[in-house]
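Trainee: Here you go, this is final.csv (CSV, C-alpha atoms and all ligand atoms).
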```csv
chain,number,residue,atom,x,y,z
A,1,MET,CA,10.3,25.2,-16.8
A,2,ASN,CA,11.5,28.8,-16.5
A,3,ILE,CA,10.8,30.1,-12.9
A,4,SER,CA,11.4,33.7,-11.9
A,5,GLU,CA,11.2,35.6,-8.6
A,6,LYS,CA,10.2,38.8,-10.4
A,7,PHE,CA,7.8,39.5,-13.2
A,8,ASN,CA,9.1,38.1,-16.5
A,9,PRO,CA,6.7,37.5,-19.4
A,10,LYS,CA,9.0,34.8,-20.7
A,11,ALA,CA,8.8,32.7,-17.5
A,12,ASP,CA,6.4,29.8,-16.9
A,13,LEU,CA,6.1,30.6,-13.2
A,14,VAL,CA,6.6,33.9,-11.3
A,15,LEU,CA,6.9,33.5,-7.5
A,16,PHE,CA,7.2,36.9,-5.8
A,17,ASN,CA,8.0,37.3,-2.1
A,18,GLY,CA,6.5,40.6,-1.1
A,19,ASP,CA,3.4,42.9,-1.3
A,20,CYS,CA,1.2,41.9,-4.2
A,21,LEU,CA,0.8,45.6,-5.3
A,22,LYS,CA,4.6,45.7,-6.0
A,23,ILE,CA,4.4,42.8,-8.6
A,24,LEU,CA,1.0,43.8,-9.9
A,25,GLU,CA,2.4,47.2,-11.0
A,26,LYS,CA,4.9,45.3,-13.2
A,27,ILE,CA,2.3,43.2,-15.0
A,28,PRO,CA,1.1,44.6,-18.4
A,29,ASP,CA,-2.6,45.4,-19.0
A,30,GLU,CA,-4.8,42.3,-20.0
A,31,PHE,CA,-1.9,39.9,-19.3
A,32,VAL,CA,-3.6,37.2,-17.2
A,33,LYS,CA,-6.6,35.0,-18.0
A,34,LEU,CA,-7.6,34.1,-14.5
A,35,VAL,CA,-7.2,35.7,-11.1
A,36,ILE,CA,-8.0,33.3,-8.3
A,37,THR,CA,-7.4,34.3,-4.7
A,38,SER,CA,-8.5,34.2,-1.1
A,39,PRO,CA,-7.6,37.5,0.5
A,40,PRO,CA,-6.6,38.0,4.2
A,41,TYR,CA,-9.6,38.9,6.5
A,42,ASN,CA,-7.8,41.3,8.9
A,43,ILE,CA,-10.6,43.7,9.3
A,44,GLY,CA,-10.2,44.3,13.1
A,45,LYS,CA,-12.2,43.9,16.3
A,46,SER,CA,-15.8,45.1,16.7
A,47,TYR,CA,-14.9,48.1,19.0
A,48,GLU,CA,-12.9,49.6,16.1
A,49,LYS,CA,-14.9,48.0,13.3
A,50,ARG,CA,-15.9,51.1,11.3
A,51,GLY,CA,-12.4,52.5,10.9
A,52,LYS,CA,-10.8,49.1,10.3
A,53,LEU,CA,-13.5,47.9,8.0
A,54,ASP,CA,-13.2,51.0,5.7
A,55,THR,CA,-9.4,50.6,5.7
A,56,TYR,CA,-9.7,47.0,4.8
A,57,LEU,CA,-12.2,47.6,1.9
A,58,ASP,CA,-10.0,50.5,0.6
A,59,SER,CA,-7.0,48.2,0.5
A,60,GLN,CA,-8.9,45.4,-1.2
A,61,LYS,CA,-10.3,47.9,-3.7
A,62,LYS,CA,-6.7,49.0,-4.8
A,63,ILE,CA,-5.7,45.4,-5.3
A,64,ILE,CA,-9.0,44.4,-7.1
A,65,GLN,CA,-8.6,47.5,-9.5
A,66,GLU,CA,-5.1,46.3,-10.4
A,67,CYS,CA,-6.3,42.7,-10.9
A,68,VAL,CA,-9.0,44.0,-13.3
A,69,ARG,CA,-6.4,46.1,-15.2
A,70,VAL,CA,-4.2,43.0,-15.7
A,71,LEU,CA,-7.1,40.8,-16.7
A,72,SER,CA,-7.6,39.7,-20.3
A,73,PRO,CA,-10.9,40.8,-21.9
A,74,ASN,CA,-12.1,37.2,-21.9
A,75,GLY,CA,-10.8,36.4,-18.5
A,76,SER,CA,-12.3,35.8,-15.0
A,77,ILE,CA,-11.7,36.8,-11.4
A,78,CYS,CA,-12.6,34.4,-8.6
A,79,TRP,CA,-12.5,36.0,-5.2
A,80,GLN,CA,-12.9,33.3,-2.5
A,81,VAL,CA,-14.1,34.5,0.9
A,82,GLY,CA,-16.0,33.3,4.0
A,83,ASN,CA,-17.5,35.0,7.0
A,84,TYR,CA,-15.3,37.2,9.2
A,85,VAL,CA,-16.5,36.3,12.7
A,86,ASP,CA,-16.0,38.8,15.5
A,87,ASN,CA,-17.2,37.9,19.0
A,88,GLY,CA,-20.0,35.7,17.6
A,89,GLU,CA,-21.1,38.3,15.0
A,90,ILE,CA,-20.9,37.2,11.4
A,91,ILE,CA,-19.6,39.6,8.7
A,92,PRO,CA,-20.1,38.0,5.3
A,93,LEU,CA,-17.2,39.4,3.2
A,94,ASP,CA,-18.8,38.7,-0.2
A,95,ILE,CA,-21.6,41.1,0.7
A,96,LEU,CA,-19.1,43.8,1.5
A,97,LEU,CA,-16.8,43.2,-1.5
A,98,TYR,CA,-19.5,42.8,-4.2
A,99,PRO,CA,-20.0,46.6,-4.7
A,100,ILE,CA,-16.3,47.0,-5.5
A,101,PHE,CA,-16.5,44.5,-8.4
A,102,ASN,CA,-19.9,45.9,-9.5
A,103,GLU,CA,-18.5,49.5,-9.7
A,104,LEU,CA,-15.7,48.2,-11.9
A,105,ASN,CA,-18.3,46.8,-14.3
A,106,LEU,CA,-17.4,43.2,-13.8
A,107,LYS,CA,-20.2,40.7,-14.5
A,108,MET,CA,-21.0,38.1,-11.9
A,109,ARG,CA,-21.4,34.6,-13.4
A,110,ASN,CA,-21.8,32.5,-10.3
A,111,ARG,CA,-21.7,32.9,-6.5
A,112,ILE,CA,-20.3,29.5,-5.9
A,113,VAL,CA,-21.1,28.0,-2.5
A,114,TRP,CA,-18.2,25.8,-1.4
A,115,HIS,CA,-19.5,23.4,1.2
A,116,PHE,CA,-17.3,21.4,3.5
A,117,GLY,CA,-17.8,19.0,6.4
A,118,HIS,CA,-15.3,20.1,9.0
A,119,GLY,CA,-14.8,23.2,11.2
A,120,LEU,CA,-15.5,24.7,14.6
A,121,HIS,CA,-18.6,23.5,16.4
A,122,ALA,CA,-20.6,26.7,17.3
A,123,SER,CA,-22.8,26.7,20.4
A,124,LYS,CA,-24.7,29.9,20.0
A,125,ARG,CA,-25.3,29.8,16.3
A,126,TYR,CA,-25.3,27.1,13.5
A,127,SER,CA,-21.8,25.9,12.8
A,128,GLY,CA,-20.3,27.5,9.7
A,129,ARG,CA,-19.8,25.0,6.9
A,130,TYR,CA,-19.5,27.0,3.7
A,131,GLU,CA,-17.6,29.8,2.0
A,132,VAL,CA,-18.2,31.4,-1.3
A,133,ILE,CA,-16.3,32.0,-4.5
A,134,LEU,CA,-17.5,35.2,-6.4
A,135,TRP,CA,-16.8,34.5,-10.1
A,136,PHE,CA,-16.8,37.6,-12.3
A,137,THR,CA,-15.9,38.1,-16.0
A,138,LYS,CA,-14.6,41.2,-17.7
A,139,SER,CA,-16.9,40.8,-20.7
A,140,ASP,CA,-19.6,38.6,-22.1
A,141,GLU,CA,-17.0,36.8,-24.2
A,142,TYR,CA,-15.3,34.6,-21.7
A,143,THR,CA,-13.6,31.2,-21.6
A,144,PHE,CA,-15.8,28.5,-20.0
A,145,ASN,CA,-14.7,24.9,-20.7
A,146,LEU,CA,-17.6,23.0,-19.1
A,147,ASP,CA,-16.7,19.6,-20.6
A,148,ALA,CA,-13.3,19.8,-18.8
A,149,VAL,CA,-15.0,19.8,-15.4
A,150,ARG,CA,-18.2,17.7,-15.7
A,151,VAL,CA,-18.9,15.3,-12.8
A,152,PRO,CA,-20.5,11.9,-12.9
A,153,SER,CA,-24.2,11.9,-13.4
A,154,LYS,CA,-26.4,10.4,-10.7
A,155,TYR,CA,-28.1,8.2,-13.2
A,156,PRO,CA,-25.7,7.8,-16.2
A,157,ASN,CA,-27.8,5.2,-18.0
A,158,LYS,CA,-31.1,7.1,-17.8
A,159,ARG,CA,-32.8,7.2,-21.2
A,160,HIS,CA,-35.6,9.2,-22.8
A,161,PHE,CA,-38.7,7.0,-22.4
A,162,LYS,CA,-40.9,8.5,-25.1
A,163,GLY,CA,-40.7,10.9,-28.0
A,164,PRO,CA,-38.3,10.9,-31.0
A,165,LYS,CA,-35.3,10.3,-28.7
A,166,LYS,CA,-36.9,7.3,-27.0
A,167,GLY,CA,-34.2,4.9,-25.9
A,168,GLU,CA,-31.3,7.4,-26.3
A,169,LEU,CA,-29.3,8.5,-23.2
A,170,SER,CA,-31.0,11.6,-21.8
A,171,GLY,CA,-27.9,13.0,-20.0
A,172,ASN,CA,-24.5,14.1,-21.4
A,173,PRO,CA,-22.3,11.0,-21.6
A,174,LEU,CA,-19.4,13.2,-20.3
A,175,GLY,CA,-21.2,13.8,-17.1
A,176,LYS,CA,-23.2,16.7,-15.6
A,177,ASN,CA,-22.5,20.4,-14.8
A,178,PRO,CA,-21.0,20.5,-11.3
A,179,SER,CA,-23.6,23.2,-10.3
A,180,ASP,CA,-22.9,26.2,-8.1
A,181,VAL,CA,-22.7,24.3,-4.9
A,182,TRP,CA,-19.4,22.4,-4.5
A,183,ASP,CA,-18.9,19.8,-1.9
A,184,ILE,CA,-15.1,19.6,-1.5
A,185,PRO,CA,-13.3,18.8,1.8
A,186,ASN,CA,-11.4,21.7,3.3
A,187,VAL,CA,-7.7,21.3,4.3
A,188,LYS,CA,-7.7,20.3,8.0
A,189,SER,CA,-5.0,18.4,9.9
A,190,ASN,CA,-5.7,14.9,8.4
A,191,HIS,CA,-5.8,16.2,4.8
A,192,ILE,CA,-3.0,14.9,2.6
A,193,GLU,CA,-2.2,18.4,1.4
A,194,LYS,CA,-2.0,20.1,4.9
A,195,THR,CA,1.0,22.5,5.4
A,196,ILE,CA,1.7,25.1,8.1
A,197,HIS,CA,-0.7,27.5,6.5
A,198,PRO,CA,-4.0,27.9,8.4
A,199,ALA,CA,-6.2,28.7,5.4
A,200,GLN,CA,-4.9,26.9,2.3
A,201,PHE,CA,-7.1,26.0,-0.6
A,202,PRO,CA,-7.6,22.3,-1.5
A,203,ILE,CA,-5.9,21.9,-4.8
A,204,GLU,CA,-9.0,20.2,-6.4
A,205,LEU,CA,-11.1,23.4,-5.7
A,206,ILE,CA,-8.7,25.4,-7.8
A,207,GLU,CA,-8.2,22.7,-10.4
A,208,ARG,CA,-11.9,23.0,-11.3
A,209,LEU,CA,-11.6,26.8,-11.8
A,210,VAL,CA,-8.3,26.5,-13.8
A,211,LEU,CA,-9.6,23.8,-16.1
A,212,SER,CA,-12.9,25.6,-16.8
A,213,LEU,CA,-11.8,29.2,-17.0
A,214,THR,CA,-8.4,29.0,-18.8
A,215,ASP,CA,-6.8,27.1,-21.7
A,216,GLU,CA,-3.4,25.5,-21.8
A,217,ASN,CA,-0.6,28.1,-21.7
A,218,ASP,CA,-2.8,30.8,-20.3
A,219,TRP,CA,-1.6,32.8,-17.2
A,220,THR,CA,-3.2,32.6,-13.8
A,221,LEU,CA,-2.5,35.0,-11.0
A,222,ASP,CA,-2.9,34.7,-7.2
A,223,PRO,CA,-2.0,38.0,-5.4
A,224,PHE,CA,-2.3,36.3,-2.0
A,225,MET,CA,-0.8,32.9,-2.9
A,226,GLY,CA,-0.1,31.6,0.6
A,227,VAL,CA,1.5,28.2,0.1
A,228,GLY,CA,1.1,28.2,-3.7
A,229,THR,CA,-2.0,26.2,-4.3
A,230,THR,CA,-3.1,28.2,-7.3
A,231,GLN,CA,0.3,27.8,-8.8
A,232,ILE,CA,0.3,24.0,-8.3
A,233,ALA,CA,-3.2,23.6,-9.8
A,234,SER,CA,-2.0,25.7,-12.7
A,235,ILE,CA,1.3,24.1,-13.6
A,236,ILE,CA,-0.1,20.5,-13.3
A,237,HIS,CA,-2.5,21.5,-16.0
A,238,SER,CA,0.0,23.2,-18.3
A,239,ARG,CA,-0.9,26.8,-17.4
A,240,LYS,CA,1.6,29.5,-16.4
A,241,SER,CA,1.1,31.3,-13.1
A,242,ILE,CA,2.1,34.4,-11.1
A,243,GLY,CA,1.9,34.4,-7.3
A,244,ALA,CA,2.7,36.9,-4.5
A,245,GLU,CA,3.1,36.1,-0.8
A,246,ILE,CA,4.2,38.6,1.8
A,247,LEU,CA,5.3,36.2,4.5
A,248,VAL,CA,8.6,34.4,3.8
A,249,GLU,CA,7.6,31.3,5.8
A,250,TYR,CA,4.6,30.6,3.5
A,251,TYR,CA,6.6,31.6,0.4
A,252,LYS,CA,9.2,29.0,1.3
A,253,VAL,CA,6.6,26.3,1.7
A,254,ALA,CA,5.1,27.3,-1.7
A,255,LYS,CA,8.4,26.8,-3.3
A,256,GLU,CA,8.9,23.4,-1.6
A,257,ARG,CA,5.5,22.2,-2.8
A,258,ILE,CA,6.1,23.5,-6.3
A,259,ASN,CA,9.4,21.7,-6.4
A,260,LEU,CA,7.7,18.5,-5.3
A,261,ALA,CA,5.1,18.9,-8.1
A,262,ILE,CA,7.8,19.5,-10.6
A,263,GLU,CA,9.7,16.4,-9.4
A,264,GLY,CA,6.4,14.4,-9.7
A,265,GLU,CA,6.4,13.8,-5.9
A,266,LEU,CA,3.6,16.0,-4.7
A,267,LEU,CA,0.7,14.1,-3.2
A,268,ILE,CA,-2.8,15.6,-3.7
A,269,ARG,CA,-6.4,14.5,-3.0
A,270,PRO,CA,-7.7,13.5,-6.4
A,271,MET,CA,-10.6,15.5,-7.9
A,272,GLU,CA,-12.3,12.2,-8.7
A,273,ARG,CA,-12.4,11.0,-5.0
A,274,PRO,CA,-16.0,11.3,-3.6
A,275,VAL,CA,-16.6,13.0,-0.3
A,276,PHE,CA,-16.5,10.4,2.5
A,277,ASP,CA,-19.9,9.1,3.4
A,278,PRO,CA,-20.1,6.6,6.2
A,279,ASN,CA,-23.4,5.2,4.9
A,280,THR,CA,-22.2,4.2,1.4
A,281,LYS,CA,-19.4,1.9,0.2
A,282,GLU,CA,-17.7,4.1,-2.3
A,283,LYS,CA,-14.6,2.8,-4.1
A,284,TYR,CA,-11.5,4.2,-2.3
A,285,VAL,CA,-9.5,6.6,-4.6
A,286,PRO,CA,-6.0,6.9,-3.1
A,287,PRO,CA,-4.0,10.2,-3.0
A,288,LYS,CA,-2.3,10.8,-6.3
A,289,LYS,CA,1.1,12.1,-7.2
A,290,VAL,CA,1.0,15.0,-9.7
A,291,SER,CA,3.6,16.2,-12.1
A,292,VAL,CA,3.9,18.9,-14.6
A,293,GLY,CA,4.8,16.5,-17.4
A,294,ASN,CA,8.0,18.3,-18.4
A,295,ASN,CA,11.3,16.5,-18.1
A,296,SER,CA,13.5,19.5,-18.9
A,297,THR,CA,12.6,21.2,-15.6
A,298,THR,CA,15.1,23.2,-13.5
A,299,LEU,CA,14.1,23.1,-9.9
A,300,PHE,CA,13.6,26.4,-8.1
A,301,PRO,CA,16.4,26.7,-5.5
A,302,ASN,CA,15.2,26.1,-1.9
A,303,PHE,CA,16.4,28.3,0.9
B,401,LIG,C1,-6.1,33.4,3.0
B,401,LIG,S1,-4.4,33.3,2.7
B,401,LIG,C2,-4.3,32.5,1.2
B,401,LIG,C3,-3.9,31.1,1.2
B,401,LIG,C4,-3.8,30.4,-0.2
B,401,LIG,N1,-5.1,30.4,-0.9
B,401,LIG,C5,-3.3,29.0,-0.1
B,401,LIG,O1,-3.9,28.1,-0.7
B,401,LIG,O2,-2.2,28.8,0.5
B,401,LIG,C6,-3.9,34.9,2.4
B,401,LIG,C7,-2.4,35.1,2.3
B,401,LIG,O3,-2.2,36.4,1.8
B,401,LIG,C8,-0.9,36.8,2.4
B,401,LIG,N2,-0.9,38.3,2.3
B,401,LIG,C9,-1.5,39.2,3.1
B,401,LIG,N3,-1.3,40.5,2.6
B,401,LIG,C10,-0.6,40.3,1.5
B,401,LIG,C11,-0.1,41.3,0.5
B,401,LIG,N4,-0.3,42.6,0.6
B,401,LIG,N5,0.6,40.8,-0.5
B,401,LIG,C12,0.9,39.4,-0.7
B,401,LIG,N6,0.4,38.5,0.2
B,401,LIG,C13,-0.3,39.0,1.3
B,401,LIG,C14,-1.0,36.2,3.8
B,401,LIG,O4,0.3,36.1,4.4
B,401,LIG,C15,-1.7,34.9,3.6
B,401,LIG,O5,-0.7,33.8,3.4
```
Represent the structure contained in this file as structure tokens.

Mentor:
Amino acid sequence: MNISEKFNPKADLVLFNGDCLKILEKIPDEFVKLVITSPPYNIGKSYEKRGKLDTYLDSQKKIIQECVRVLSPNGSICWQVGNYVDNGEIIPLDILLYPIFNELNLKMRNRIVWHFGHGLHASKRYSGRYEVILWFTKSDEYTFNLDAVRVPSKYPNKRHFKGPKKGELSGNPLGKNPSDVWDIPNVKSNHIEKTIHPAQFPIELIERLVLSLTDENDWTLDPFMGVGTTQIASIIHSRKSIGAEILVEYYKVAKERINLAIEGELLIRPMERPVFDPNTKEKYVPPKKVSVGNNSTTLFPNF
């Protein structure tokens, strides 16, 4: 695996330590198939909200414009955001960001609600237990591999009970469409993937997007890569990836996790493990070790 610290179209993985706009400007038009990211929420305190909010949206717009420029005509952008909470007041970031994507003529395919079970317990409002992924495409011709991400049907043996198909299975034997509400545990302290990052993606959340919205050898991009979750979900499924992270402490952890994945030693929560339900006896699916399935790999040097 060829890993580079600056943009190199011949690499398999580009890990840039710095401001994402600096690497974005080096990426050619229409180069990546999928942009997946979760941006920072630093939009300021309520007493200075107007000014800070406008500045935040302007800076997001510049980055989104660049992401659209580097996106392939049949590619997708997934912008994952939650609510910014300021003094008990909720500011849903997807509502603020949607007009930017709309002005750039992107087409929204789903507003995916990512539901999770853990978080702060609010006392003056309902506790927040979801975030959203805004999924846009650049055109009407876009990659969507539904079969790669089907989930088990509730009643897999259900059959048509009348008509010409009587007796045949009524559902898809590969499973059902996961829908636009995803129940996936968030990464809290007892999660197998937890690092020092306060807001890392669970790998299984990104695996579903990588598998459905790209093909093998396609490029993914995460301009705010944090501890490299998008890169891990990409390389374990034979995709190439570009990531930028401004803070060196997170960049170092990203490299360490990626090295573990390359060595076949990174433990992740498997996509096939059901969400824990104390009322049912589900079969326990243990954490799994992932690998990139390539023995001729050179490890990225650690600091
Ligand atoms: C919400 S976190 C993303 C976490 C990531 N999804 C993961 O799984 O680790 C946003 C990240 O963007 C980084 N960041 C903020 N501004 C940046 C910039 N201009 N360029 C690159 N990274 C930036 C922050 O340091 C932070 O780690």

Trainee: Within 8 Å of ligand LIG 401 (chain B), counting all atoms listed in the file, which protein or nucleic acid residues do you find, written as a ChimeraX atom specification?

Mentor: /A:17-21,37-41,197-203,222-230,244-247,250,254

Trainee: List the spatial neighbours of region 30-36 of chain A as a PyMOL selection string - criterion: any atom at most 7 Å away, all atoms listed in the file, same-chain residues fewer than 2 positions off excluded.

Mentor: chain A and resi 27-28+69-73+75-79+213-214+218-222

Trainee: Any idea what's packed within 10 Å of region 105-117 of chain A, counting all atoms listed in the file, ignoring anything in its chain fewer than 3 positions away? Could you give it as a PyMOL selection string?

Mentor: chain A and resi 68+76-82+94+98-102+128-140+179-187+205+275-276

Trainee: Keeping C-alpha atoms for every residue in the selection just given, could you write it to a file as a JSON list (two decimals), in the coordinates of the input?

Mentor:
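That gives us out.json:
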```
[["chain", "number", "residue", "atom", "x", "y", "z"],
["A", 68, "VAL", "CA", -9.00, 44.00, -13.30],
["A", 76, "SER", "CA", -12.30, 35.80, -15.00],
["A", 77, "ILE", "CA", -11.70, 36.80, -11.40],
["A", 78, "CYS", "CA", -12.60, 34.40, -8.60],
["A", 79, "TRP", "CA", -12.50, 36.00, -5.20],
["A", 80, "GLN", "CA", -12.90, 33.30, -2.50],
["A", 81, "VAL", "CA", -14.10, 34.50, 0.90],
["A", 82, "GLY", "CA", -16.00, 33.30, 4.00],
["A", 94, "ASP", "CA", -18.80, 38.70, -0.20],
["A", 98, "TYR", "CA", -19.50, 42.80, -4.20],
["A", 99, "PRO", "CA", -20.00, 46.60, -4.70],
["A", 100, "ILE", "CA", -16.30, 47.00, -5.50],
["A", 101, "PHE", "CA", -16.50, 44.50, -8.40],
["A", 102, "ASN", "CA", -19.90, 45.90, -9.50],
["A", 128, "GLY", "CA", -20.30, 27.50, 9.70],
["A", 129, "ARG", "CA", -19.80, 25.00, 6.90],
["A", 130, "TYR", "CA", -19.50, 27.00, 3.70],
["A", 131, "GLU", "CA", -17.60, 29.80, 2.00],
["A", 132, "VAL", "CA", -18.20, 31.40, -1.30],
["A", 133, "ILE", "CA", -16.30, 32.00, -4.50],
["A", 134, "LEU", "CA", -17.50, 35.20, -6.40],
["A", 135, "TRP", "CA", -16.80, 34.50, -10.10],
["A", 136, "PHE", "CA", -16.80, 37.60, -12.30],
["A", 137, "THR", "CA", -15.90, 38.10, -16.00],
["A", 138, "LYS", "CA", -14.60, 41.20, -17.70],
["A", 139, "SER", "CA", -16.90, 40.80, -20.70],
["A", 140, "ASP", "CA", -19.60, 38.60, -22.10],
["A", 179, "SER", "CA", -23.60, 23.20, -10.30],
["A", 180, "ASP", "CA", -22.90, 26.20, -8.10],
["A", 181, "VAL", "CA", -22.70, 24.30, -4.90],
["A", 182, "TRP", "CA", -19.40, 22.40, -4.50],
["A", 183, "ASP", "CA", -18.90, 19.80, -1.90],
["A", 184, "ILE", "CA", -15.10, 19.60, -1.50],
["A", 185, "PRO", "CA", -13.30, 18.80, 1.80],
["A", 186, "ASN", "CA", -11.40, 21.70, 3.30],
["A", 187, "VAL", "CA", -7.70, 21.30, 4.30],
["A", 205, "LEU", "CA", -11.10, 23.40, -5.70],
["A", 275, "VAL", "CA", -16.60, 13.00, -0.30],
["A", 276, "PHE", "CA", -16.50, 10.40, 2.50]]
```

Trainee: Determine the nearest neighbour of Ile90 (chain A) from the options A:Tyr126, A:Tyr155, A:Phe7, A:Tyr251, counting only C-alpha atoms.

Mentor: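 With only C-alpha atoms as the atom set, the closest residue is A:Tyr126.
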
Trainee: Using only C-alpha atoms, which of the listed residues (A:Asp86, A:Asp147, A:Glu265, A:Asp12) sits closest to Leu174 (chain A)?

Mentor: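 Of all the options, A:Asp147 lies closest to Leu174 (chain A).
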
Trainee: Report, in Å to a single decimal, how far apart CA of Val210 (chain A) and CA of Asn157 (chain A) are.

Mentor: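 One can read the CA of Asn157 (chain A) to CA of Val210 (chain A) distance as 29.2 Å.
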
Trainee: Between CA of Ala233 (chain A) and CA of Ile258 (chain A), what is the distance in Å, rounded to a tenth?

Mentor: 9.9 Å

Trainee: Using all atoms listed in the file, give me every residue within 10 Å of (-6.5, 12.4, -4.6) in file coordinates, as a compact mmCIF listing (two decimals) with C-alpha atoms, keeping the file's coordinate frame.

Mentor:
```
# COMPACT_ATOMS: atom_id res chain seq x y z
CA ILE A 192 -3.00 14.90 2.60
CA GLU A 193 -2.20 18.40 1.40
CA ILE A 203 -5.90 21.90 -4.80
CA GLU A 204 -9.00 20.20 -6.40
CA LEU A 267 0.70 14.10 -3.20
CA ILE A 268 -2.80 15.60 -3.70
CA ARG A 269 -6.40 14.50 -3.00
CA PRO A 270 -7.70 13.50 -6.40
CA MET A 271 -10.60 15.50 -7.90
CA GLU A 272 -12.30 12.20 -8.70
CA ARG A 273 -12.40 11.00 -5.00
CA PRO A 274 -16.00 11.30 -3.60
CA TYR A 284 -11.50 4.20 -2.30
CA VAL A 285 -9.50 6.60 -4.60
CA PRO A 286 -6.00 6.90 -3.10
CA PRO A 287 -4.00 10.20 -3.00
CA LYS A 288 -2.30 10.80 -6.30
CA LYS A 289 1.10 12.10 -7.20
CA VAL A 290 1.00 15.00 -9.70
```

Trainee: Would you mind listing what lies within 8 Å of Asn177 (chain A) as an mmCIF file with C-alpha atoms, in the coordinates of the input, with all atoms listed in the file counted and same-chain residues fewer than 6 positions away left out?

Mentor:
```cif
data_model
loop_
_atom_site.group_PDB
_atom_site.id
_atom_site.type_symbol
_atom_site.label_atom_id
_atom_site.label_comp_id
_atom_site.auth_asym_id
_atom_site.auth_seq_id
_atom_site.Cartn_x
_atom_site.Cartn_y
_atom_site.Cartn_z
ATOM 1 C CA LEU A 146 -17.600 23.000 -19.100
ATOM 2 C CA VAL A 149 -15.000 19.800 -15.400
ATOM 3 C CA ARG A 150 -18.200 17.700 -15.700
ATOM 4 C CA VAL A 151 -18.900 15.300 -12.800
#
```

Trainee: Just to confirm, what's the straight-line distance from CA of Pro156 (chain A) to CA of Leu169 (chain A) in Å (one decimal)?

Mentor: 7.9 Å

Trainee: Taking into account only C-alpha atoms, which residue in the set A:Ser234, A:Ser153, A:Ser4, A:Asn279 is nearest to Pro178 (chain A)?

Mentor: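 Nearest candidate to Pro178 (chain A) out of A:Ser234, A:Ser153, A:Ser4, A:Asn279: A:Ser153.
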
Trainee: Of the candidates A:Ala122, A:Ala261, A:Leu13, A:Leu209, which shows the shortest atom-to-atom distance to Ala148 (chain A), using all atoms listed in the file?

Mentor: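 Of all the options, A:Leu209 lies closest to Ala148 (chain A).
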
Trainee: With only C-alpha atoms as the atoms that count, which of A:Lys166, A:Lys158, A:Arg257, A:Arg208 lies nearest to Lys194 (chain A)?

Mentor: A:Arg257

Trainee: Which residue, A:Ser123, A:Val248, A:Glu66, A:Gly44, has the smallest gap to Tyr84 (chain A) when you use all atoms listed in the file?

Mentor: A:Gly44

Trainee: Find the residues near region 55-61 of chain A: any atom within 8 Å, counting all atoms listed in the file, skip ones fewer than 5 places away on the same chain, and give them as a ChimeraX atom specification.

Mentor: /A:42-43,96-97,100
